[in-house]
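Peer 1: One structure, as structure tokens, below. Some questions next.
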Amino acid sequence: MLQALGLGADVEAVYRGMLADPSGGVAELAARLGLTETRVRDGLDRLVDLDLLRPSRDCPGALRAVRPELGLELLLRRQEEELARQQEELARSKAAAAQVVSEFAELRPNTEVDGAERLVGMDAIQSRLEQLAHGLERECLAILPGGALSEASLESSRPLDDRALARGIEMRSVYQDSARNDPTTLAYARWLTEQGGQVRTSPLLPPRLLVFDRTVAVVPIDPAHSRLGALCTSAPGIVASLVTLFEQTWQAAVPLGADRARTDDTRPSAAELELLKLLASGMTDEAAGKRLGVSLRTVRRQMSALMERLHATSRFEAGLKAAQQGWL
């Protein structure tokens with residue numbers, strides 16, 4: 001139940017055991033919980049690290065459990081701080097990656113210079129991806145923004161993914177949360193997991209990214225203008241930055257089969273929170289929907305629901321109330 005807050009099953013059991021009866025030692029607690037003493041000690045150490053167990057003033061040398069209402073608030077605050085830190089790191093990585101990629105925008109099409117190749121046209125991109133997939137030895141990392149993916153794109157990817165997974169290649173993919181609402185994309189993501197791949201989703205993603213064996217990366221030169229083509233690079237510094245960007249995105253995402261944690265019924269979901277931030281920054285409904293991979297109709301429906309929950313009669317009033325409640 002508390003695993004969404006960072007407590008494993010053993011740690012949660014030890015916490016509940018300490019709340020129920022803090023008397024006795026490790027052996028007694030292990031017997032009550034049906035755990036080994038080693039697992040109980042590990043759980044106690046973890047709870048001390050999380051500040052959910054503190055020294056007892058009544059029994060020197062013993063520990064007391066922090067009351068749940070305070071302890072869970074501390075966990076939530078830590079999660080929020082960690083998420084904010086990850087978002088800051090992600091923003092810095094995105095900016096650095098965009099700067100590096102833009103430097104190669106003037107490469108002559110389909111020629112390689114200093115480990116970088118500008119690919120123009122779907123045939124050139126597909127041919128290069130097939131070549132890279134064939135040479136895979138360990139893993140393939142992918143960020144796939146935009147919500148629903150076209151059936152043609154998925155079908156061209158299926159044989160490449162199928163062969164790679166059959167060879168034992170580790171595959172990790174991050175889709176946009178809105179992909180969960182598209183039956184075709186969702187079915188493909190589930191097929192990937194059934195074949196041994198790992199899939200997570202996030203409300204907001206950086207531009208499309210593919211990394212092969214942490215040595216070659218393929219990214220769009222300009223995500224807003226796909227006609228400029230893609231950049232394929234093996235430059236170690238660029239690839240390392242893009243791998244870092246992927247790992248930060250992966251850590252902030254949730255597994256395909258999981259639901260995002262909600263602290264209460266009124267606080268917005270991660271996707272709704274991103275929508276509020278985008279609209280508050282001055283984006284139009286259409287631009288915000290494009291960033292989130294959802295339709296204009298969905299943006300307006302979500303905003304209408306948020307206004308109702310905030311008891312706001314206008315978007316301006318909704319923004320003020322959202323800020324007052326600490327959402328923005």
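Identifiers for the structure tokens are assigned positionally: chains receive A, B, ... in sequence, residues are indexed from 1 per chain, and ligands are indexed from 1 in the order shown.
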Identify all residues of region 119-295 of chain A in helix (DSSP H, G or I) (DSSP on the backbone) and supply them as an MDAnalysis selection string.

Peer 2: chainID A and resid 122:134 151:166 177:181 183:194 226:228 236:252 270:280 285:292

Peer 1: Which residues are close to region 87-93 of chain A, i.e. within 8 Å by only C-alpha atoms, leaving aside same-chain residues fewer than 4 positions away? Reply as a VMD selection string.

Peer 2: chain A and resid 83 97 241 to 242 244 to 245 248 to 249

Peer 1: Within region 38-69 of chain A, find each residue whose DSSP state, derived from the backbone, is strand (DSSP E or B), and express the selection as a ChimeraX atom specification.

Peer 2: /A:53-55,63-65

Peer 1: Check the smallest atom-to-atom distance from each of A:Ala305, A:Leu129, A:Leu165, A:Ala253 to Val199 (chain A) using only C-alpha atoms, then report the winner.

Peer 2: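 Of the candidates, the smallest distance to Val199 (chain A) is held by A:Ala253.
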